[in-house]
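Containing mmCIF, C-alpha atoms: protein_22.cif.
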```cif
data_start
#
loop_
_atom_site.label_atom_id
_atom_site.label_comp_id
_atom_site.auth_asym_id
_atom_site.auth_seq_id
_atom_site.Cartn_x
_atom_site.Cartn_y
_atom_site.Cartn_z
CA MET A 220 26.79 16.78 -99.20
CA ASN A 221 23.04 16.69 -99.92
CA ARG A 222 21.22 19.30 -102.00
CA HIS A 223 19.83 21.09 -98.94
CA GLY A 224 23.29 21.44 -97.43
CA LEU A 225 24.68 22.75 -100.72
CA VAL A 226 21.96 25.40 -100.91
CA LEU A 227 22.76 26.56 -97.37
CA LEU A 228 26.48 26.70 -98.17
CA VAL A 229 25.91 28.76 -101.31
CA ALA A 230 23.55 31.10 -99.44
CA ALA A 231 26.13 31.59 -96.69
CA ALA A 232 28.81 32.35 -99.28
CA VAL A 233 26.55 34.92 -100.95
CA VAL A 234 25.89 36.62 -97.60
CA LEU A 235 29.62 36.79 -96.88
CA VAL A 236 30.38 38.22 -100.32
CA LEU A 237 27.64 40.83 -99.98
CA ALA A 238 28.82 41.75 -96.50
CA GLY A 239 32.39 42.15 -97.74
CA HIS A 240 31.26 44.39 -100.59
CA ALA A 241 29.08 46.44 -98.26
CA ARG A 242 31.94 46.91 -95.82
CA ALA A 243 33.94 48.71 -98.49
CA GLN A 244 30.97 50.97 -99.19
CA SER A 245 30.08 52.01 -95.65
CA THR A 246 33.38 52.79 -93.98
CA GLY A 247 35.98 55.54 -93.75
CA ASN A 248 39.78 55.76 -93.70
CA ILE A 249 42.54 57.42 -91.69
CA ALA A 250 45.70 58.48 -93.56
CA GLY A 251 48.60 60.84 -93.07
CA LEU A 252 52.30 61.65 -93.01
CA VAL A 253 54.75 61.08 -90.14
CA THR A 254 57.95 63.12 -89.77
CA ASP A 255 60.45 64.04 -87.08
CA THR A 256 60.81 67.55 -85.66
CA THR A 257 63.18 68.55 -88.50
CA GLY A 258 60.63 67.57 -91.15
CA ALA A 259 62.44 64.37 -92.22
CA ILE A 260 60.12 61.49 -93.09
CA LEU A 261 59.89 58.51 -90.75
CA PRO A 262 59.31 55.12 -92.38
CA GLY A 263 58.47 52.10 -90.25
CA VAL A 264 56.32 53.94 -87.69
CA THR A 265 53.56 51.79 -86.21
CA VAL A 266 50.21 53.58 -86.39
CA GLU A 267 47.32 52.25 -84.31
CA ALA A 268 43.68 53.38 -84.61
CA THR A 269 41.59 52.59 -81.52
CA SER A 270 37.84 53.07 -81.16
CA PRO A 271 34.78 51.57 -79.43
CA ALA A 272 33.34 51.28 -82.96
CA LEU A 273 35.90 48.58 -83.80
CA ILE A 274 34.91 45.12 -82.65
CA GLU A 275 38.61 44.20 -82.40
CA ARG A 276 39.22 47.53 -80.59
CA THR A 277 42.45 48.38 -82.48
CA ARG A 278 43.58 48.31 -86.09
CA SER A 279 47.12 49.17 -87.14
CA GLY A 280 49.33 50.08 -90.09
CA THR A 281 52.93 51.10 -90.81
CA THR A 282 54.37 54.13 -92.58
CA ASP A 283 56.01 53.37 -95.94
CA ALA A 284 59.29 54.62 -97.40
CA GLN A 285 57.72 58.07 -97.93
CA GLY A 286 56.52 58.24 -94.33
CA ARG A 287 52.87 57.82 -95.32
CA TYR A 288 50.28 55.40 -93.94
CA LEU A 289 46.69 54.40 -94.67
CA ILE A 290 44.31 52.48 -92.40
CA GLU A 291 41.27 51.50 -94.45
CA ALA A 292 37.70 50.24 -93.95
CA LEU A 293 37.11 51.76 -90.51
CA PRO A 294 33.51 51.99 -89.28
CA ALA A 295 32.17 55.41 -88.37
CA GLY A 296 33.03 56.53 -84.87
CA THR A 297 35.50 58.44 -82.69
CA TYR A 298 39.14 57.32 -82.89
CA ARG A 299 42.43 57.68 -81.04
CA VAL A 300 45.48 57.38 -83.32
CA THR A 301 48.85 56.45 -81.79
CA PHE A 302 52.27 56.72 -83.49
CA THR A 303 55.14 54.58 -82.13
CA ILE A 304 58.74 53.89 -83.19
CA ALA A 305 61.90 53.08 -81.25
CA GLY A 306 63.99 56.11 -80.29
CA PHE A 307 61.11 58.58 -80.46
CA ARG A 308 58.38 59.70 -78.11
CA THR A 309 54.98 58.18 -78.69
CA VAL A 310 52.42 60.64 -80.07
CA ALA A 311 48.66 60.15 -79.71
CA ARG A 312 45.89 62.11 -81.46
CA GLU A 313 42.48 61.94 -79.77
CA GLY A 314 38.96 62.81 -80.84
CA ILE A 315 39.22 61.92 -84.53
CA GLN A 316 35.62 61.81 -85.79
CA LEU A 317 35.23 59.48 -88.76
CA SER A 318 32.11 59.22 -90.92
CA THR A 319 31.13 57.08 -93.89
CA GLY A 320 33.18 57.70 -97.03
CA PHE A 321 35.46 60.21 -95.28
CA THR A 322 39.27 59.95 -95.20
CA ALA A 323 40.59 61.81 -92.16
CA THR A 324 44.10 63.21 -92.62
CA VAL A 325 46.02 62.76 -89.35
CA ASN A 326 49.68 63.78 -89.53
CA ALA A 327 52.21 63.45 -86.72
CA GLU A 328 55.56 64.96 -85.77
CA LEU A 329 57.68 62.77 -83.48
CA ALA A 330 60.43 64.10 -81.22
CA VAL A 331 63.49 62.11 -80.17
CA GLY A 332 62.99 60.50 -76.77
CA SER A 333 61.98 57.39 -74.90
CA VAL A 334 59.05 55.31 -76.17
CA GLU A 335 57.72 55.35 -72.61
CA GLU A 336 57.03 59.07 -73.03
CA THR A 337 53.68 59.81 -74.69
CA VAL A 338 52.60 63.16 -76.06
CA THR A 339 48.81 63.34 -76.35
CA VAL A 340 47.40 65.90 -78.78
CA THR A 341 43.75 66.88 -78.40
CA GLY A 342 42.38 69.16 -81.06
CA ALA A 343 39.72 69.63 -83.67
CA SER A 344 38.91 66.62 -85.82
CA PRO A 345 39.69 66.99 -89.56
CA LEU A 346 36.68 68.51 -91.34
CA VAL A 347 37.92 68.46 -94.95
CA ASP A 348 38.65 65.28 -96.88
CA VAL A 349 41.75 66.08 -98.96
CA GLN A 350 42.19 62.48 -100.11
CA ASN A 351 39.00 62.11 -102.17
CA VAL A 352 37.24 64.19 -104.82
CA ARG A 353 33.69 62.98 -104.17
CA THR A 354 30.91 65.37 -103.27
CA GLN A 355 28.92 63.96 -100.39
CA ASN A 356 26.77 64.90 -97.44
CA VAL A 357 26.72 62.66 -94.36
CA LEU A 358 23.66 63.00 -92.13
CA GLN A 359 24.55 61.61 -88.73
CA ARG A 360 22.05 60.34 -86.18
CA GLU A 361 22.16 63.57 -84.16
CA VAL A 362 21.22 65.59 -87.25
CA LEU A 363 18.45 63.18 -88.24
CA ASP A 364 16.94 63.35 -84.74
CA THR A 365 17.27 67.11 -84.31
CA LEU A 366 16.12 68.60 -87.62
CA PRO A 367 12.35 68.60 -88.26
CA THR A 368 12.15 66.34 -91.32
CA ASN A 369 10.14 63.17 -91.88
CA LYS A 370 13.43 61.22 -92.08
CA SER A 371 12.65 60.03 -95.58
CA MET A 372 14.62 60.08 -98.81
CA HIS A 373 12.88 63.38 -99.64
CA GLY A 374 13.71 64.77 -96.22
CA PHE A 375 17.38 63.93 -96.81
CA ALA A 376 17.23 65.82 -100.11
CA ALA A 377 15.96 68.92 -98.31
CA LEU A 378 19.13 68.87 -96.18
CA THR A 379 21.55 68.52 -99.11
CA VAL A 380 22.54 71.45 -101.35
CA GLY A 381 21.90 70.75 -105.04
CA LEU A 382 19.84 67.60 -104.46
CA THR A 383 16.34 67.35 -105.94
CA SER A 384 13.79 64.69 -105.06
CA PHE A 385 10.77 63.56 -107.02
CA ALA A 386 8.05 61.51 -105.36
CA ILE A 387 5.54 59.45 -107.30
CA PHE A 388 2.70 60.36 -104.93
CA GLY A 389 3.76 63.86 -103.94
CA LYS A 390 6.91 64.79 -102.06
CA TYR A 391 5.70 67.49 -99.68
CA ASP A 392 5.25 66.23 -96.15
CA VAL A 393 3.00 68.32 -93.90
CA GLY A 394 3.29 67.44 -90.24
CA GLY A 395 4.08 63.82 -91.01
CA ASN A 396 1.22 63.08 -93.40
CA LYS A 397 3.47 61.68 -96.15
CA THR A 398 6.29 59.91 -94.30
CA ASP A 399 8.44 58.06 -96.82
CA ASN A 400 7.37 57.76 -100.45
CA TYR A 401 8.33 56.09 -103.70
CA GLY A 402 10.56 58.30 -105.80
CA PHE A 403 14.07 59.13 -106.90
CA LEU A 404 16.86 61.69 -106.50
CA THR A 405 18.86 63.79 -108.97
CA MET A 406 21.70 66.29 -108.62
CA HIS A 407 22.97 68.83 -111.16
CA GLY A 408 21.05 67.26 -114.04
CA THR A 409 22.00 63.63 -113.47
CA ASP A 410 19.71 60.93 -114.83
CA ALA A 411 17.32 59.63 -112.20
CA GLN A 412 17.69 56.11 -113.60
CA ASP A 413 21.38 56.19 -112.63
CA GLY A 414 20.57 56.65 -108.94
CA HIS A 415 21.10 53.96 -106.32
CA MET A 416 19.54 53.42 -102.91
CA LEU A 417 21.94 51.39 -100.78
CA TYR A 418 21.68 49.72 -97.39
CA ASN A 419 25.19 49.25 -96.02
CA GLY A 420 26.41 49.25 -99.62
CA MET A 421 23.84 46.77 -100.95
CA SER A 422 21.25 48.06 -103.43
CA PHE A 423 17.56 48.03 -102.53
CA ASN A 424 16.40 49.79 -105.68
CA HIS A 425 13.12 48.92 -107.33
CA MET A 426 14.37 46.43 -109.95
CA GLN A 427 11.33 46.22 -112.21
CA GLY A 428 11.14 47.77 -115.66
CA THR A 429 14.22 50.01 -115.74
CA GLY A 430 17.11 47.55 -115.71
CA GLY A 431 18.39 48.41 -112.27
CA GLY A 432 15.71 50.75 -111.08
CA PHE A 433 15.81 54.40 -110.16
CA ASN A 434 13.37 54.42 -107.27
CA LYS A 435 12.81 52.27 -104.22
CA GLN A 436 10.12 49.97 -102.87
CA PHE A 437 11.38 49.53 -99.32
CA PHE A 438 11.21 52.00 -96.44
CA ILE A 439 13.98 52.15 -93.87
CA ASN A 440 13.33 51.67 -90.15
CA GLN A 441 14.96 54.73 -88.58
CA MET A 442 15.69 52.82 -85.37
CA ASP A 443 18.24 50.88 -87.44
CA VAL A 444 20.01 53.90 -88.99
CA GLN A 445 23.31 55.28 -87.69
CA GLU A 446 23.89 57.75 -90.53
CA VAL A 447 23.00 58.41 -94.16
CA ALA A 448 25.68 59.20 -96.77
CA ILE A 449 24.58 60.92 -99.99
CA GLU A 450 27.12 61.06 -102.83
CA GLY A 451 26.53 63.29 -105.84
CA ASP A 452 29.83 63.53 -107.77
CA GLY A 453 33.26 61.96 -107.97
CA MET A 454 32.26 58.53 -106.69
CA SER A 455 34.79 55.72 -106.53
CA ALA A 456 35.01 52.88 -109.05
CA GLU A 457 32.62 50.88 -106.84
CA ALA A 458 29.76 53.01 -108.22
CA ASP A 459 28.65 51.62 -111.58
CA THR A 460 26.76 54.79 -112.58
CA GLY A 461 27.13 58.54 -112.15
CA GLY A 462 23.80 59.11 -110.45
CA VAL A 463 23.08 59.96 -106.82
CA GLN A 464 24.18 57.24 -104.39
CA LEU A 465 22.22 57.23 -101.11
CA ASN A 466 23.77 54.81 -98.62
CA VAL A 467 22.02 54.00 -95.33
CA VAL A 468 24.54 52.87 -92.71
CA PRO A 469 22.92 50.66 -90.04
CA LYS A 470 23.62 50.68 -86.33
CA THR A 471 25.75 47.94 -84.78
CA GLY A 472 26.14 46.54 -81.31
CA GLY A 473 29.04 47.27 -78.98
CA ASN A 474 30.90 46.04 -75.92
CA SER A 475 28.19 47.49 -73.68
CA PHE A 476 24.43 47.16 -73.88
CA ALA A 477 22.54 50.18 -75.19
CA GLY A 478 19.18 50.93 -76.68
CA ALA A 479 16.84 53.62 -77.95
CA ALA A 480 13.10 54.08 -78.32
CA ASN A 481 10.83 56.56 -80.04
CA PHE A 482 7.10 57.30 -79.94
CA ASP A 483 5.32 60.09 -81.83
CA PHE A 484 1.58 60.71 -81.93
CA THR A 485 -0.80 63.43 -82.98
CA ASN A 486 -4.47 63.77 -83.90
CA GLY A 487 -7.08 66.39 -84.73
CA ASN A 488 -7.28 67.60 -81.13
CA LEU A 489 -3.72 68.90 -81.50
CA GLN A 490 -4.39 70.58 -84.84
CA ALA A 491 -4.85 74.31 -85.19
CA GLY A 492 -7.91 75.55 -87.05
CA ASN A 493 -7.90 78.13 -89.83
CA LEU A 494 -11.65 78.32 -90.53
CA SER A 495 -12.15 82.07 -90.17
CA ASP A 496 -15.42 84.01 -90.11
CA GLU A 497 -14.52 85.39 -93.52
CA LEU A 498 -14.31 81.89 -94.98
CA LYS A 499 -17.58 80.90 -93.31
CA ALA A 500 -19.26 83.95 -94.86
CA ARG A 501 -18.10 82.72 -98.27
CA GLY A 502 -19.78 79.34 -97.71
CA LEU A 503 -16.96 77.17 -96.37
CA THR A 504 -18.33 75.26 -93.38
CA THR A 505 -15.72 72.59 -92.68
CA VAL A 506 -12.00 72.05 -93.25
CA THR A 507 -9.92 68.91 -93.48
CA GLN A 508 -9.05 67.52 -90.07
CA LEU A 509 -6.32 65.10 -89.17
CA LYS A 510 -7.44 61.75 -87.74
CA LYS A 511 -4.14 60.46 -86.35
CA ILE A 512 -0.47 60.08 -87.18
CA TYR A 513 1.80 57.90 -85.11
CA ASP A 514 5.23 56.34 -85.25
CA TYR A 515 6.91 54.13 -82.70
CA GLY A 516 9.93 51.84 -82.56
CA GLY A 517 12.86 50.65 -80.53
CA GLY A 518 16.26 49.04 -80.80
CA VAL A 519 18.80 47.39 -78.54
CA GLY A 520 22.32 46.09 -79.04
CA GLY A 521 25.28 44.76 -77.13
CA PRO A 522 27.91 42.04 -76.94
CA LEU A 523 27.33 38.32 -77.29
CA LYS A 524 31.06 38.01 -76.63
CA GLN A 525 33.29 40.95 -75.76
CA ASN A 526 35.49 42.09 -78.68
CA LYS A 527 34.29 39.10 -80.72
CA LEU A 528 30.59 39.12 -81.54
CA TRP A 529 28.00 41.93 -81.28
CA PHE A 530 24.28 42.07 -82.00
CA TYR A 531 21.76 44.78 -82.75
CA THR A 532 18.04 44.37 -83.32
#
```
Produce structure tokens that represent the structure in this file.
Amino acid sequence: MNRHGLVLLVAAAVVLVLAGHARAQSTGNIAGLVTDTTGAILPGVTVEATSPALIERTRSGTTDAQGRYLIEALPAGTYRVTFTIAGFRTVAREGIQLSTGFTATVNAELAVGSVEETVTVTGASPLVDVQNVRTQNVLQREVLDTLPTNKSMHGFAALTVGLTSFAIFGKYDVGGNKTDNYGFLTMHGTDAQDGHMLYNGMSFNHMQGTGGGFNKQFFINQMDVQEVAIEGDGMSAEADTGGVQLNVVPKTGGNSFAGAANFDFTNGNLQAGNLSDELKARGLTTVTQLKKIYDYGGGVGGPLKQNKLWFYT
């Protein structure tokens, strides 16, 4: 193998390693306990999690000797969980909403009967993670689009209790005049230099001068963001410091083509004036006027091969 080929092979290996590490950072889990109608535990139950968010469509696990199961590393999305074992009716739980870093507890009670009989349970998705001790806030795409923030790191801080942001060039955004900004985040007195900005689990901190960096140099394209997970306490062993961990989870393709676009624009003609007669009498003749602010972007994704290979750009 020539030198060029070796470089490409090493680069590909690095990408695969980084992707594997990121996968553990930007996924959720489904766990629970399976019993019969008398409360006795049921080992050996096949548990299947199905979702459009899974490229393979279905991922499965089996209950252990204590009747417990855990299906790990599931991308954010809506899931259907099915419980199957010979001699008992099949039970299905629908509408399980899973977000980044969240472990949804989904228990099941199976009644004796034919496996051809299926009992479908539709109810509220678990809201409390009883499996982890981390403190986190997950801002999903609907929240990011609905709430009037500038969708920056400092905007995320405004939506998270206890989180404080510091911007190098001023953090207060007025009508979009700041957009994103260099800076850092702290929570409950944590050291800013312990913070991490992550994209799908991979750090994009500013690496100069502070041995790992506490602020960022790169701005995130919001057309590529599915949700933002902000962790403040009780992180897993994957976090090498105790500072705030802000993880941007990107969008992915799917088995059907879909896209989104956004265009925002404003200028001085749309700006209200506050130059009153009283101010004019005191000698103020002009006030600052906006020239223009605009933001536009788009994204599209879909399958290159159904259930095998997706793209998003």
Running the PyMOL selection byres ((chain A and resi 386) around 7) on this model by hand, what would come out? Give it as number ranges by chain. A: 384-385, 387-390, 400-403
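Each of A:Gly516, A:Gly451, A:Gly306, A:Gly320 was compared to Gly381 in chain A using all atoms listed in the file, and A:Gly451 turns out to be the nearest.
Using the PyMOL selection byres ((chain A and resi 332-346) around 9) on this structure selects Thr301, Thr303, Ile304, Ala305, Gly306, Phe307, Arg308, Thr309, Val310, Ala311, Arg312, Glu313, Gly314, Ile315, Gln316, Leu317, Ala323, Thr324, Val325, Leu329, Ala330, Val331, Val347 and Asp348 of chain A.
Residues matched by the PyMOL selection byres ((chain A and resi 483-496) around 6) in this file are Phe482, Glu497, Leu498, Lys499, Gln508, Leu509, Lys510, Lys511, Ile512, Tyr513 and Asp514 of chain A.
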Would you compute the distance between CA of His373 in chain A and CA of Asp413 in chain A? Give it in Å to one decimal. 17.1 Å
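Shortest separation to Leu261 in chain A among A:Pro522, A:Gly286, A:Gly408, A:Gly280 occurs at residue A:Gly286, atoms counted being all atoms listed in the file.
From CA of Arg360 in chain A back to CA of Val447 in chain A, the distance works out to 8.3 Å.
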The centre and edge lengths of an axis-aligned box containing all atoms of range 490-504 of chain A present in the file, extended by 8 Å on each side, are to be given in Å to one decimal, as lines of an AutoDock Vina configuration file.
```
center_x = -12.1
center_y = 78.0
center_z = -91.6
size_x = 31.4
size_y = 30.8
size_z = 29.4
```
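Between CA of Thr319 in chain A and CA of Glu457 in chain A there is a distance of 14.4 Å.
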Find the spatial neighbours of Thr532 in chain A, counting all atoms listed in the file, within a cut-off of 10 Å - ignore same-chain residues fewer than 4 positions away - and output them as number ranges by chain. A: 442-443, 470-472, 478, 517-521
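Remark: for Thr269 in chain A, the closest of the candidate residues A:Thr460, A:Thr297, A:Thr254, A:Thr383 is A:Thr297 (distances computed over only C-alpha atoms).
All protein, DNA and RNA residues at most 12 Å from (39.2, 46.0, -83.4) are Glu267, Ala268, Thr269, Ser270, Pro271, Ala272, Leu273, Ile274, Glu275, Arg276, Thr277, Arg278, Ser279, Ala292, Leu293, Pro294, Tyr298, Gly473, Asn474, Gln525, Asn526, Lys527 and Leu528 of chain A, using all atoms listed in the file.
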Find the residues near Gln355 in chain A: any atom within 8 Å, counting all atoms listed in the file, skip ones fewer than 3 places away on the same chain, and give them as a ChimeraX atom specification. /A:448-452
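Surrounding residues of (33.5, 55.2, -97.1) at most 8 Å away are Ala243, Gln244, Ser245, Thr246, Gly247, Asn248, Ala292, Ser318, Thr319, Gly320, Phe321 and Thr322 of chain A (based on only C-alpha atoms).
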Just C-alpha atoms for this one: save the residues we selected as a PDB file, keeping the file's coordinate frame.
```pdb
ATOM      1  CA  ALA A 243      33.940  48.710 -98.490  1.00  0.00           C
ATOM      2  CA  GLN A 244      30.970  50.970 -99.190  1.00  0.00           C
ATOM      3  CA  SER A 245      30.080  52.010 -95.650  1.00  0.00           C
ATOM      4  CA  THR A 246      33.380  52.790 -93.980  1.00  0.00           C
ATOM      5  CA  GLY A 247      35.980  55.540 -93.750  1.00  0.00           C
ATOM      6  CA  ASN A 248      39.780  55.760 -93.700  1.00  0.00           C
ATOM      7  CA  ALA A 292      37.700  50.240 -93.950  1.00  0.00           C
ATOM      8  CA  SER A 318      32.110  59.220 -90.920  1.00  0.00           C
ATOM      9  CA  THR A 319      31.130  57.080 -93.890  1.00  0.00           C
ATOM     10  CA  GLY A 320      33.180  57.700 -97.030  1.00  0.00           C
ATOM     11  CA  PHE A 321      35.460  60.210 -95.280  1.00  0.00           C
ATOM     12  CA  THR A 322      39.270  59.950 -95.200  1.00  0.00           C
TER      13      THR A 322
END
```
Measuring between only C-alpha atoms, which one of A:Gln445, A:Thr282, A:Gln436, A:Asn326 shows the shortest distance to Asn419 in chain A? A:Gln445
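Closest approach to Asp459 in chain A among A:Gly414, A:Arg501, A:Gly296, A:Ile260: A:Gly414, based on only C-alpha atoms.
Comparing the minimum interatomic distances between Val463 in chain A and each of A:Ala500, A:Ala479, A:Val444, A:Met372, counting only C-alpha atoms, we find that A:Met372 sits nearest.
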